[in-house]
file upload21.cif (mmCIF, C-alpha atoms)
data_data
loop_
_atom_site.label_atom_id
_atom_site.label_comp_id
_atom_site.auth_asym_id
_atom_site.auth_seq_id
_atom_site.Cartn_x
_atom_site.Cartn_y
_atom_site.Cartn_z
CA MET A 21 19.57 -5.13 -1.66
CA ASP A 22 19.44 -2.95 1.42
CA LEU A 23 15.64 -2.78 1.26
CA ILE A 24 15.29 -6.53 1.89
CA GLU A 25 17.56 -6.23 4.90
CA LYS A 26 15.44 -3.38 6.28
CA MET A 27 12.19 -5.23 5.58
CA ASN A 28 13.56 -8.17 7.55
CA TRP A 29 14.68 -5.86 10.36
CA ARG A 30 11.29 -4.20 10.75
CA TYR A 31 8.35 -5.77 12.53
CA ALA A 32 5.02 -4.56 13.93
CA THR A 33 6.51 -3.12 17.10
CA LYS A 34 4.30 -3.74 20.12
CA ARG A 35 6.24 -1.77 22.74
CA MET A 36 8.20 1.43 22.16
CA ASN A 37 10.64 3.25 24.40
CA GLY A 38 9.53 6.87 24.07
CA THR A 39 12.57 8.03 22.09
CA LYS A 40 11.74 10.84 19.67
CA VAL A 41 12.18 10.39 15.94
CA SER A 42 14.33 13.24 14.64
CA GLN A 43 12.79 15.95 12.50
CA GLU A 44 15.01 14.91 9.59
CA LYS A 45 13.91 11.29 9.66
CA LEU A 46 10.27 12.28 10.07
CA GLU A 47 10.52 14.61 7.08
CA ASN A 48 12.05 11.87 4.95
CA ILE A 49 9.32 9.40 5.84
CA LEU A 50 6.58 11.95 5.12
CA GLU A 51 8.22 12.95 1.86
CA ALA A 52 8.14 9.32 0.71
CA VAL A 53 4.44 9.18 1.63
CA ARG A 54 3.86 12.39 -0.31
CA LEU A 55 5.57 10.93 -3.37
CA ALA A 56 3.59 7.67 -3.28
CA PRO A 57 1.63 7.07 -6.47
CA THR A 58 -2.16 6.98 -6.46
CA SER A 59 -4.79 6.33 -9.09
CA PHE A 60 -4.83 9.30 -11.55
CA GLY A 61 -2.38 10.90 -9.10
CA LEU A 62 -5.33 12.29 -7.15
CA GLN A 63 -4.05 11.57 -3.60
CA PRO A 64 -7.59 11.41 -2.15
CA PHE A 65 -6.55 11.33 1.49
CA LYS A 66 -4.83 13.24 4.27
CA VAL A 67 -2.32 12.12 6.86
CA ILE A 68 -2.77 13.54 10.36
CA VAL A 69 0.60 13.63 12.13
CA VAL A 70 -0.01 13.62 15.87
CA GLU A 71 2.82 14.43 18.24
CA ASP A 72 0.99 16.30 21.03
CA ALA A 73 0.93 14.18 24.21
CA LYS A 74 -2.54 15.28 25.32
CA LEU A 75 -4.05 14.42 21.97
CA ARG A 76 -2.28 11.07 21.92
CA GLU A 77 -3.69 10.36 25.38
CA ARG A 78 -7.18 11.03 24.11
CA ILE A 79 -6.61 8.72 21.15
CA TYR A 80 -5.30 6.06 23.54
CA ASN A 81 -8.27 6.36 25.88
CA GLU A 82 -11.02 6.67 23.33
CA ALA A 83 -9.94 5.17 20.01
CA CYS A 84 -6.96 2.82 20.28
CA LYS A 85 -5.84 1.29 23.56
CA GLN A 86 -2.42 0.14 22.40
CA PRO A 87 0.69 1.24 24.30
CA GLN A 88 2.54 2.43 21.19
CA ILE A 89 0.12 5.37 20.94
CA MET A 90 1.73 6.77 24.09
CA GLU A 91 5.18 5.18 23.82
CA GLY A 92 5.74 6.10 20.17
CA SER A 93 7.08 9.38 18.83
CA HIS A 94 4.52 10.29 16.15
CA VAL A 95 1.14 8.80 15.33
CA LEU A 96 0.29 9.00 11.64
CA VAL A 97 -3.41 8.63 10.93
CA PHE A 98 -4.24 7.99 7.28
CA ALA A 99 -7.69 9.33 6.48
CA ALA A 100 -9.35 8.71 3.12
CA ARG A 101 -11.87 11.02 1.43
CA LYS A 102 -15.43 9.86 1.88
CA ASN A 103 -16.47 11.54 -1.34
CA VAL A 104 -14.83 12.59 -4.57
CA ASP A 105 -16.42 15.66 -6.08
CA GLN A 106 -15.78 17.96 -9.02
CA GLN A 107 -14.09 20.53 -6.78
CA GLN A 108 -11.35 18.07 -5.81
CA VAL A 109 -10.88 17.12 -9.44
CA ASP A 110 -10.72 20.78 -10.50
CA GLU A 111 -8.16 21.58 -7.80
CA TYR A 112 -6.05 18.64 -8.91
CA VAL A 113 -6.22 19.58 -12.59
CA ASN A 114 -5.26 23.15 -11.64
CA LEU A 115 -2.29 21.76 -9.70
CA ILE A 116 -1.14 19.79 -12.75
CA ALA A 117 -1.43 22.88 -14.94
CA LYS A 118 0.48 25.00 -12.44
CA THR A 119 3.21 22.38 -11.84
CA ARG A 120 3.79 21.75 -15.52
CA GLY A 121 3.17 25.27 -16.82
CA LEU A 122 0.18 24.30 -18.95
CA GLN A 123 -3.12 25.94 -19.81
CA VAL A 124 -5.86 24.31 -17.74
CA GLU A 125 -7.92 23.91 -20.93
CA SER A 126 -5.28 21.62 -22.42
CA LEU A 127 -6.18 19.12 -19.67
CA ASN A 128 -9.88 18.90 -20.54
CA ASP A 129 -9.60 15.35 -21.89
CA PHE A 130 -7.83 14.24 -18.75
CA LYS A 131 -10.41 15.98 -16.59
CA ALA A 132 -13.21 14.21 -18.44
CA MET A 133 -11.72 10.86 -17.35
CA PHE A 134 -12.93 11.59 -13.81
CA GLY A 135 -16.57 11.59 -14.92
CA GLY A 136 -17.11 8.02 -13.77
CA VAL A 137 -15.41 8.66 -10.44
CA VAL A 138 -17.37 11.78 -9.55
CA SER A 139 -20.70 10.13 -10.42
CA ARG A 140 -20.00 6.95 -8.42
CA SER A 141 -21.67 6.38 -5.03
CA GLU A 142 -19.84 7.61 -1.92
CA ASP A 143 -19.50 4.01 -0.69
CA LYS A 144 -17.76 2.94 -3.88
CA ASN A 145 -15.52 5.96 -3.83
CA PHE A 146 -14.51 5.35 -0.22
CA VAL A 147 -13.46 1.79 -1.07
CA TRP A 148 -11.30 3.34 -3.78
CA THR A 149 -9.89 6.30 -1.83
CA ALA A 150 -9.03 3.96 1.07
CA ARG A 151 -7.05 1.77 -1.32
CA GLN A 152 -5.06 4.79 -2.44
CA ALA A 153 -4.30 5.61 1.20
CA TYR A 154 -3.06 2.04 1.62
CA ILE A 155 -0.51 2.49 -1.16
CA ALA A 156 0.90 5.50 0.70
CA PHE A 157 0.71 3.50 3.92
CA GLY A 158 2.84 0.73 2.36
CA VAL A 159 5.33 3.30 1.13
CA GLY A 160 5.46 4.87 4.61
CA ILE A 161 6.20 1.49 6.19
CA VAL A 162 9.16 0.96 3.87
CA ALA A 163 10.38 4.54 4.33
CA ALA A 164 10.39 4.19 8.12
CA ALA A 165 12.41 0.97 7.87
CA MET A 166 14.91 2.62 5.50
CA GLU A 167 15.42 5.31 8.17
CA ASN A 168 15.90 2.64 10.88
CA VAL A 169 12.76 3.94 12.52
CA ASP A 170 10.41 1.39 14.01
CA ALA A 171 6.77 1.48 13.03
CA THR A 172 3.54 -0.21 13.96
CA PRO A 173 0.93 -0.46 11.22
CA MET A 174 -2.48 -0.66 12.89
CA GLU A 175 -6.05 -1.34 11.85
CA GLY A 176 -7.20 -2.23 15.34
CA PHE A 177 -8.81 1.04 16.41
CA SER A 178 -12.22 2.65 16.31
CA PRO A 179 -12.45 4.80 13.17
CA GLU A 180 -15.60 6.45 14.54
CA ALA A 181 -13.84 7.57 17.73
CA MET A 182 -10.68 8.54 15.85
CA ASP A 183 -12.65 10.63 13.34
CA LYS A 184 -14.43 12.40 16.18
CA ILE A 185 -11.24 13.18 18.10
CA LEU A 186 -9.48 14.53 15.02
CA GLY A 187 -12.50 16.30 13.55
CA LEU A 188 -12.27 14.30 10.34
CA ASP A 189 -16.00 14.05 9.66
CA GLU A 190 -16.25 17.77 9.03
CA GLN A 191 -13.55 17.40 6.41
CA ASN A 192 -15.31 14.49 4.70
CA LEU A 193 -12.46 12.21 5.73
CA SER A 194 -12.45 8.91 7.60
CA SER A 195 -9.46 7.20 9.22
CA VAL A 196 -8.47 3.90 7.61
CA ASN A 197 -5.18 3.02 9.25
CA VAL A 198 -2.53 4.21 11.66
CA LEU A 199 1.24 4.09 11.53
CA VAL A 200 3.00 4.78 14.80
CA LEU A 201 6.64 5.82 14.44
CA GLY A 202 9.14 5.37 17.25
CA TYR A 203 11.77 3.01 18.59
CA ARG A 204 11.34 -0.52 19.86
CA ASP A 205 11.60 -1.34 23.54
CA ALA A 206 13.33 -4.64 22.77
CA GLU A 207 13.42 -5.78 26.38
CA ASN A 208 9.68 -5.49 26.92
CA ASP A 209 8.52 -6.44 23.45
CA ARG A 210 8.51 -10.21 23.18
CA LEU A 211 7.91 -9.90 19.43
CA SER A 212 11.26 -8.16 18.98
CA LYS A 213 13.06 -11.48 19.06
CA VAL A 214 10.78 -13.94 17.33
CA LYS A 215 11.11 -15.07 13.74
CA LYS A 216 9.15 -13.24 11.07
CA VAL A 217 6.33 -15.38 9.66
CA ARG A 218 5.65 -15.14 5.95
CA LYS A 219 4.21 -17.43 3.32
CA THR A 220 6.78 -19.14 1.14
CA LYS A 221 7.56 -17.72 -2.26
CA GLU A 222 5.90 -20.81 -3.76
CA SER A 223 2.61 -20.24 -1.99
CA LEU A 224 2.42 -16.45 -2.42
CA PHE A 225 3.44 -16.23 -6.07
CA ASP A 226 2.12 -18.01 -9.11
CA PHE A 227 4.56 -17.89 -12.02
CA ARG A 228 3.12 -18.13 -15.51
CA MET B 28 17.86 9.49 1.60
CA ASP B 29 18.23 7.33 -1.44
CA LEU B 30 14.57 6.29 -1.27
CA ILE B 31 13.37 9.86 -1.92
CA GLU B 32 15.65 10.09 -4.92
CA LYS B 33 14.23 6.83 -6.28
CA MET B 34 10.66 7.89 -5.59
CA ASN B 35 11.31 11.05 -7.57
CA TRP B 36 12.92 9.06 -10.36
CA ARG B 37 10.02 6.67 -10.75
CA TYR B 38 6.78 7.53 -12.53
CA ALA B 39 3.82 5.59 -13.91
CA THR B 40 5.60 4.54 -17.09
CA LYS B 41 3.31 4.64 -20.12
CA ARG B 42 5.63 3.15 -22.72
CA MET B 43 8.27 0.49 -22.16
CA ASN B 44 11.07 -0.72 -24.40
CA GLY B 45 10.82 -4.50 -24.09
CA THR B 46 14.05 -4.93 -22.11
CA LYS B 47 13.88 -7.86 -19.70
CA VAL B 48 14.22 -7.32 -15.96
CA SER B 49 16.98 -9.61 -14.66
CA GLN B 50 16.09 -12.60 -12.53
CA GLU B 51 18.02 -11.09 -9.61
CA LYS B 52 16.11 -7.81 -9.68
CA LEU B 53 12.79 -9.60 -10.09
CA GLU B 54 13.57 -11.82 -7.09
CA ASN B 55 14.44 -8.80 -4.96
CA ILE B 56 11.21 -7.02 -5.86
CA LEU B 57 9.13 -10.12 -5.14
CA GLU B 58 10.98 -10.73 -1.87
CA ALA B 59 10.06 -7.21 -0.73
CA VAL B 60 6.42 -7.92 -1.63
CA ARG B 61 6.57 -11.18 0.31
CA LEU B 62 7.93 -9.36 3.37
CA ALA B 63 5.25 -6.64 3.27
CA PRO B 64 3.21 -6.51 6.47
CA THR B 65 -0.50 -7.30 6.47
CA SER B 66 -3.22 -7.26 9.11
CA PHE B 67 -2.56 -10.17 11.55
CA GLY B 68 0.18 -11.17 9.11
CA LEU B 69 -2.38 -13.17 7.15
CA GLN B 70 -1.28 -12.19 3.61
CA PRO B 71 -4.76 -12.85 2.16
CA PHE B 72 -3.77 -12.54 -1.49
CA LYS B 73 -1.68 -14.00 -4.28
CA VAL B 74 0.50 -12.35 -6.86
CA ILE B 75 0.39 -13.82 -10.36
CA VAL B 76 3.69 -13.14 -12.12
CA VAL B 77 3.08 -13.27 -15.86
CA GLU B 78 6.02 -13.41 -18.24
CA ASP B 79 4.66 -15.64 -21.02
CA ALA B 80 4.13 -13.60 -24.20
CA LYS B 81 1.00 -15.47 -25.33
CA LEU B 82 -0.67 -14.98 -21.96
CA ARG B 83 0.27 -11.29 -21.92
CA GLU B 84 -1.22 -10.95 -25.37
CA ARG B 85 -4.49 -12.41 -24.09
CA ILE B 86 -4.44 -10.01 -21.12
CA TYR B 87 -3.79 -7.14 -23.52
CA ASN B 88 -6.62 -8.11 -25.86
CA GLU B 89 -9.23 -9.04 -23.31
CA ALA B 90 -8.52 -7.31 -19.99
CA CYS B 91 -6.15 -4.37 -20.27
CA LYS B 92 -5.41 -2.60 -23.54
CA GLN B 93 -2.36 -0.69 -22.40
CA PRO B 94 0.93 -1.06 -24.29
CA GLN B 95 3.00 -1.79 -21.18
CA ILE B 96 1.33 -5.20 -20.93
CA MET B 97 3.21 -6.20 -24.09
CA GLU B 98 6.21 -3.86 -23.81
CA GLY B 99 6.95 -4.64 -20.17
CA SER B 100 9.01 -7.50 -18.84
CA HIS B 101 6.75 -8.99 -16.15
CA VAL B 102 3.11 -8.31 -15.34
CA LEU B 103 2.34 -8.71 -11.63
CA VAL B 104 -1.36 -9.20 -10.93
CA PHE B 105 -2.30 -8.75 -7.27
CA ALA B 106 -5.36 -10.86 -6.47
CA ALA B 107 -7.11 -10.63 -3.11
CA ARG B 108 -9.03 -13.45 -1.41
CA LYS B 109 -12.77 -13.13 -1.87
CA ASN B 110 -13.41 -15.01 1.34
CA VAL B 111 -11.53 -15.64 4.57
CA ASP B 112 -12.40 -19.01 6.08
CA GLN B 113 -11.25 -21.10 9.01
CA GLN B 114 -9.01 -23.21 6.79
CA GLN B 115 -6.92 -20.19 5.80
CA VAL B 116 -6.65 -19.16 9.43
CA ASP B 117 -5.65 -22.68 10.49
CA GLU B 118 -3.00 -22.87 7.78
CA TYR B 119 -1.61 -19.52 8.89
CA VAL B 120 -1.55 -20.47 12.58
CA ASN B 121 0.21 -23.73 11.63
CA LEU B 122 2.77 -21.70 9.68
CA ILE B 123 3.44 -19.50 12.73
CA ALA B 124 3.88 -22.57 14.93
CA LYS B 125 6.22 -24.20 12.43
CA THR B 126 8.27 -21.03 11.81
CA ARG B 127 8.70 -20.27 15.51
CA GLY B 128 8.93 -23.86 16.80
CA LEU B 129 5.77 -23.58 18.92
CA GLN B 130 2.94 -25.94 19.78
CA VAL B 131 -0.11 -24.98 17.71
CA GLU B 132 -2.21 -25.06 20.90
CA SER B 133 -0.16 -22.23 22.39
CA LEU B 134 -1.63 -20.01 19.65
CA ASN B 135 -5.27 -20.64 20.51
CA ASP B 136 -5.83 -17.13 21.87
CA PHE B 137 -4.35 -15.63 18.74
CA LYS B 138 -6.45 -17.93 16.57
CA ALA B 139 -9.59 -16.84 18.41
CA MET B 140 -8.91 -13.24 17.33
CA PHE B 141 -9.92 -14.25 13.79
CA GLY B 142 -13.47 -15.07 14.89
CA GLY B 143 -14.80 -11.72 13.76
CA VAL B 144 -13.00 -11.95 10.44
CA VAL B 145 -14.20 -15.44 9.55
CA SER B 146 -17.82 -14.60 10.42
CA ARG B 147 -17.87 -11.34 8.42
CA SER B 148 -19.62 -11.18 5.05
CA GLU B 149 -17.57 -11.96 1.96
CA ASP B 150 -18.06 -8.40 0.71
CA LYS B 151 -16.61 -6.94 3.88
CA ASN B 152 -13.72 -9.35 3.84
CA PHE B 153 -12.90 -8.54 0.24
CA VAL B 154 -12.70 -4.84 1.08
CA TRP B 155 -10.24 -5.85 3.79
CA THR B 156 -8.18 -8.41 1.84
CA ALA B 157 -7.88 -5.94 -1.05
CA ARG B 158 -6.46 -3.34 1.33
CA GLN B 159 -3.83 -5.84 2.44
CA ALA B 160 -2.90 -6.46 -1.18
CA TYR B 161 -2.52 -2.70 -1.61
CA ILE B 162 0.08 -2.54 1.17
CA ALA B 163 2.12 -5.16 -0.69
CA PHE B 164 1.49 -3.24 -3.93
CA GLY B 165 2.93 -0.06 -2.35
CA VAL B 166 5.95 -2.00 -1.13
CA GLY B 167 6.42 -3.49 -4.61
CA ILE B 168 6.36 -0.04 -6.20
CA VAL B 169 9.14 1.16 -3.88
CA ALA B 170 11.13 -2.04 -4.34
CA ALA B 171 11.07 -1.69 -8.12
CA ALA B 172 12.29 1.91 -7.87
CA MET B 173 15.10 0.87 -5.50
CA GLU B 174 16.22 -1.63 -8.17
CA ASN B 175 16.06 1.07 -10.88
CA VAL B 176 13.31 -0.90 -12.54
CA ASP B 177 10.42 1.04 -14.01
CA ALA B 178 6.91 0.10 -13.03
CA THR B 179 3.36 1.00 -13.96
CA PRO B 180 0.78 0.66 -11.22
CA MET B 181 -2.59 0.06 -12.88
CA GLU B 182 -6.20 -0.10 -11.83
CA GLY B 183 -7.54 0.51 -15.33
CA PHE B 184 -8.33 -3.05 -16.40
CA SER B 185 -11.31 -5.40 -16.30
CA PRO B 186 -11.03 -7.54 -13.16
CA GLU B 187 -13.72 -9.88 -14.53
CA ALA B 188 -11.76 -10.55 -17.71
CA MET B 189 -8.45 -10.78 -15.83
CA ASP B 190 -9.89 -13.26 -13.33
CA LYS B 191 -11.22 -15.40 -16.15
CA ILE B 192 -7.96 -15.43 -18.08
CA LEU B 193 -5.90 -16.34 -15.02
CA GLY B 194 -8.45 -18.77 -13.53
CA LEU B 195 -8.66 -16.75 -10.32
CA ASP B 196 -12.38 -17.35 -9.66
CA GLU B 197 -11.78 -21.04 -9.01
CA GLN B 198 -9.23 -20.05 -6.38
CA ASN B 199 -11.60 -17.61 -4.69
CA LEU B 200 -9.35 -14.75 -5.71
CA SER B 201 -10.08 -11.54 -7.59
CA SER B 202 -7.57 -9.19 -9.20
CA VAL B 203 -7.36 -5.74 -7.60
CA ASN B 204 -4.36 -4.15 -9.24
CA VAL B 205 -1.51 -4.69 -11.66
CA LEU B 206 2.14 -3.71 -11.52
CA VAL B 207 4.00 -3.96 -14.81
CA LEU B 208 7.78 -4.15 -14.44
CA GLY B 209 10.10 -3.14 -17.25
CA TYR B 210 12.12 -0.24 -18.62
CA ARG B 211 10.89 3.11 -19.87
CA ASP B 212 10.93 3.97 -23.55
CA ALA B 213 11.88 7.57 -22.77
CA GLU B 214 11.69 8.71 -26.39
CA ASN B 215 8.11 7.57 -26.93
CA ASP B 216 6.79 8.24 -23.45
CA ARG B 217 5.93 11.91 -23.18
CA LEU B 218 5.41 11.46 -19.42
CA SER B 219 9.07 10.53 -18.97
CA LYS B 220 10.06 14.19 -19.08
CA VAL B 221 7.27 16.05 -17.35
CA LYS B 222 7.35 17.23 -13.75
CA LYS B 223 5.85 15.01 -11.08
CA VAL B 224 2.62 16.44 -9.67
CA ARG B 225 2.02 16.03 -5.95
CA LYS B 226 0.11 17.94 -3.33
CA THR B 227 2.23 20.18 -1.15
CA LYS B 228 3.32 18.99 2.26
CA GLU B 229 0.99 21.61 3.76
CA SER B 230 -2.09 20.32 1.98
CA LEU B 231 -1.41 16.58 2.41
CA PHE B 232 -0.36 16.58 6.07
CA ASP B 233 -2.04 18.00 9.11
CA PHE B 234 0.37 18.46 12.03
CA ARG B 235 -1.09 18.36 15.53
#
call {"tool": "encode", "arguments": {"input": "upload21.cif", "output": "structure tokens"}}
result
Amino acid sequence: MDLIEKMNWRYATKRMNGTKVSQEKLENILEAVRLAPTSFGLQPFKVIVVEDAKLRERIYNEACKQPQIMEGSHVLVFAARKNVDQQQVDEYVNLIAKTRGLQVESLNDFKAMFGGVVSRSEDKNFVWTARQAYIAFGVGIVAAAMENVDATPMEGFSPEAMDKILGLDEQNLSSVNVLVLGYRDAENDRLSKVKKVRKTKESLFDFR
Amino acid sequence: MDLIEKMNWRYATKRMNGTKVSQEKLENILEAVRLAPTSFGLQPFKVIVVEDAKLRERIYNEACKQPQIMEGSHVLVFAARKNVDQQQVDEYVNLIAKTRGLQVESLNDFKAMFGGVVSRSEDKNFVWTARQAYIAFGVGIVAAAMENVDATPMEGFSPEAMDKILGLDEQNLSSVNVLVLGYRDAENDRLSKVKKVRKTKESLFDFR
């Protein structure tokens, strides 16, 4: 299928050439991220989409000294909720009711399922909300490839500095990963021509 | 793009009809999972692909009482490494050298980058390896949709019971999520006809 071809085409681009990703392609990639499934459907994260050059410069200088931050087109910062409280659950249940034309009360059993989540420690919930952000991150990586847009998934940055720059603390969010969108500078990126390294099917999968 | 259409088509299928997913489609979905990017490219997880009816029955009875386990075609259990040791790093660096026709010694600087990972606590590494498994999980969800195969992403199971049934402890692995592949039983699955609920673009993204 086409997807396999695109997954083989993509790689963690180390140098980009400054070309802008079109609004249409950006919208498609973000729409795929928006549609990504999450546990209970809660989507306990935000994605900060940074295009502004000055802001990207600050991120480069203070949080993530990798050239793609400046050479890329858009920097997507996935930030997971540090807490999950009843207000978030209520808002979500209201959204379900509104979307599906239901009485909120008819969702009381569903709402009760969040009891264990809301009462969990913040640390435990952040492990969980971060995982949900990673699902959307994986979907975003595929979506970029399907649009023939290069992307660099990154964990190598300072979340503390990133959170400060983007004012995420105040929103009870913390950055967990970054996806830079742009176009490869094939000439200057030595990784653009090397073979992809992956475990064999036999070592990654266990068929029972 | 086609991907958006497929992402809208898919949903967390609650009832499946027992139809088998073809070998070709299964291989394509697994190939996409194999190609998913991970931090450093380490792929610190395994995916157990369960088709055997007796084993699925045990999973259903002891680890995950959801009908898709029996009604689905294949149950994919994503299991993350509980530890990251030098042996795993060495094996990976050897794989890079072999794939790219390099001398292992030429990768010494790259190998040294794993110092911080290998010396981290097991708890911290499991948080990290699980996140890598979630990227592959997200890719698998998209890949299934692209093949018009239904899928149920699940976190609602007992990892302890699952690990015991599949003998994952002995391999230093622990199950983090499950993706059941199969085909929807639209008649008996009330969720097959309801509207998808997702946050609006405005509330999920923050444009800067």
call {"tool": "atom_distance", "arguments": {"input": "upload21.cif", "atom1": "atom CA of Leu188 of chain A", "atom2": "atom CA of Leu50 of chain A"}}
result
19.7 Å
call {"tool": "closest_residue", "arguments": {"input": "upload21.cif", "among": "B:Ala171, B:Met97, B:Val145, B:Leu122", "to": "chain A", "atoms": "all atoms listed in the file"}}
result
B:Leu122
call {"tool": "residues_around", "arguments": {"input": "upload21.cif", "residues": "segment 52-68 of chain A", "least_positions_apart": "5", "cutoff": "6 Å", "atoms": "all atoms listed in the file", "output": "number ranges by chain"}}
result
A: 96-101, 149, 152, 156, 159-160; B: 31, 231-233
call {"tool": "closest_residue", "arguments": {"input": "upload21.cif", "among": "A:Val200, A:Ala181, A:Ile116, A:Ala153", "to": "Ile89 of chain A", "atoms": "only C-alpha atoms"}}
result
A:Val200
call {"tool": "closest_residue", "arguments": {"input": "upload21.cif", "among": "A:Ala150, A:Val217, A:Ile161, A:Met133", "to": "Ser195 of chain A", "atoms": "all atoms listed in the file"}}
result
A:Ala150
call {"tool": "residues_around", "arguments": {"input": "upload21.cif", "residues": "Ser42 of chain A", "least_positions_apart": "3", "cutoff": "10 Å", "atoms": "only C-alpha atoms", "output": "NGL selection string"}}
result
:A and (39 or 45-47 or 93 or 169 or 202)
call {"tool": "resolve_selection", "arguments": {"input": "upload21.cif", "expression": "the PyMOL selection byres ((chain A and resi 110) around 12)", "output": "mmCIF file with C-alpha atoms, keeping the file's coordinate frame"}}
result
data_model
loop_
_atom_site.group_PDB
_atom_site.id
_atom_site.type_symbol
_atom_site.label_atom_id
_atom_site.label_comp_id
_atom_site.auth_asym_id
_atom_site.auth_seq_id
_atom_site.Cartn_x
_atom_site.Cartn_y
_atom_site.Cartn_z
ATOM 1 C CA LEU A 62 -5.330 12.290 -7.150
ATOM 2 C CA VAL A 104 -14.830 12.590 -4.570
ATOM 3 C CA ASP A 105 -16.420 15.660 -6.080
ATOM 4 C CA GLN A 106 -15.780 17.960 -9.020
ATOM 5 C CA GLN A 107 -14.090 20.530 -6.780
ATOM 6 C CA GLN A 108 -11.350 18.070 -5.810
ATOM 7 C CA VAL A 109 -10.880 17.120 -9.440
ATOM 8 C CA GLU A 111 -8.160 21.580 -7.800
ATOM 9 C CA TYR A 112 -6.050 18.640 -8.910
ATOM 10 C CA VAL A 113 -6.220 19.580 -12.590
ATOM 11 C CA ASN A 114 -5.260 23.150 -11.640
ATOM 12 C CA LEU A 115 -2.290 21.760 -9.700
ATOM 13 C CA ILE A 116 -1.140 19.790 -12.750
ATOM 14 C CA ALA A 117 -1.430 22.880 -14.940
ATOM 15 C CA VAL A 124 -5.860 24.310 -17.740
ATOM 16 C CA GLU A 125 -7.920 23.910 -20.930
ATOM 17 C CA LEU A 127 -6.180 19.120 -19.670
ATOM 18 C CA ASN A 128 -9.880 18.900 -20.540
ATOM 19 C CA PHE A 130 -7.830 14.240 -18.750
ATOM 20 C CA LYS A 131 -10.410 15.980 -16.590
ATOM 21 C CA ALA A 132 -13.210 14.210 -18.440
ATOM 22 C CA PHE A 134 -12.930 11.590 -13.810
ATOM 23 C CA GLY A 135 -16.570 11.590 -14.920
ATOM 24 C CA VAL A 138 -17.370 11.780 -9.550
#
call {"tool": "closest_residue", "arguments": {"input": "upload21.cif", "among": "B:Leu82, B:Ile162, B:Val48, B:Ala213", "to": "chain A", "atoms": "all atoms listed in the file"}}
result
B:Ile162
call {"tool": "closest_residue", "arguments": {"input": "upload21.cif", "among": "A:Ala171, A:Cys84, A:Ile49, A:Val70", "to": "chain B", "atoms": "only C-alpha atoms"}}
result
A:Val70
call {"tool": "residues_around", "arguments": {"input": "upload21.cif", "residues": "Lys74 of chain A", "least_positions_apart": "3", "cutoff": "12 Å", "atoms": "only C-alpha atoms", "output": "list in words"}}
result
Val70, Glu71, Glu77, Arg78, Ile79, Tyr80, Asn81, Ile89, Met90 and Ile185 of chain A; Arg235 of chain B
call {"tool": "resolve_selection", "arguments": {"input": "upload21.cif", "expression": "the PyMOL selection byres ((chain A and resi 31) around 9)", "output": "count of residues only"}}
result
14
call {"tool": "decode", "arguments": {"input": "upload21.cif", "residues": "segment 111-140 of chain A", "atoms": "C-alpha atoms", "output": "PDB file, in the first residue's frame"}}
result
ATOM      1  CA  GLU A 111     -16.450  19.593  29.426  1.00  0.00           C
ATOM      2  CA  TYR A 112     -15.785  16.414  27.492  1.00  0.00           C
ATOM      3  CA  VAL A 113     -19.094  14.818  28.477  1.00  0.00           C
ATOM      4  CA  ASN A 114     -20.861  18.051  27.483  1.00  0.00           C
ATOM      5  CA  LEU A 115     -19.081  17.892  24.116  1.00  0.00           C
ATOM      6  CA  ILE A 116     -20.310  14.330  23.569  1.00  0.00           C
ATOM      7  CA  ALA A 117     -23.863  15.342  24.443  1.00  0.00           C
ATOM      8  CA  LYS A 118     -23.727  18.339  22.120  1.00  0.00           C
ATOM      9  CA  THR A 119     -22.113  16.421  19.225  1.00  0.00           C
ATOM     10  CA  ARG A 120     -24.562  13.539  19.426  1.00  0.00           C
ATOM     11  CA  GLY A 121     -27.665  15.487  20.447  1.00  0.00           C
ATOM     12  CA  LEU A 122     -28.057  13.716  23.783  1.00  0.00           C
ATOM     13  CA  GLN A 123     -29.130  14.785  27.251  1.00  0.00           C
ATOM     14  CA  VAL A 124     -26.022  15.146  29.420  1.00  0.00           C
ATOM     15  CA  GLU A 125     -27.752  13.048  32.102  1.00  0.00           C
ATOM     16  CA  SER A 126     -27.892  10.062  29.753  1.00  0.00           C
ATOM     17  CA  LEU A 127     -24.073   9.976  29.947  1.00  0.00           C
ATOM     18  CA  ASN A 128     -23.882   9.670  33.730  1.00  0.00           C
ATOM     19  CA  ASP A 129     -22.663   6.057  33.614  1.00  0.00           C
ATOM     20  CA  PHE A 130     -19.950   6.999  31.172  1.00  0.00           C
ATOM     21  CA  LYS A 131     -18.975   9.986  33.291  1.00  0.00           C
ATOM     22  CA  ALA A 132     -18.680   7.759  36.352  1.00  0.00           C
ATOM     23  CA  MET A 133     -16.008   5.725  34.527  1.00  0.00           C
ATOM     24  CA  PHE A 134     -13.614   8.654  34.985  1.00  0.00           C
ATOM     25  CA  GLY A 135     -13.745   8.343  38.776  1.00  0.00           C
ATOM     26  CA  GLY A 136     -10.502   6.389  38.913  1.00  0.00           C
ATOM     27  CA  VAL A 137      -8.762   8.810  36.564  1.00  0.00           C
ATOM     28  CA  VAL A 138      -9.731  11.976  38.406  1.00  0.00           C
ATOM     29  CA  SER A 139      -8.687  10.518  41.779  1.00  0.00           C
ATOM     30  CA  ARG A 140      -5.294   9.273  40.545  1.00  0.00           C
TER      31      ARG A 140
END
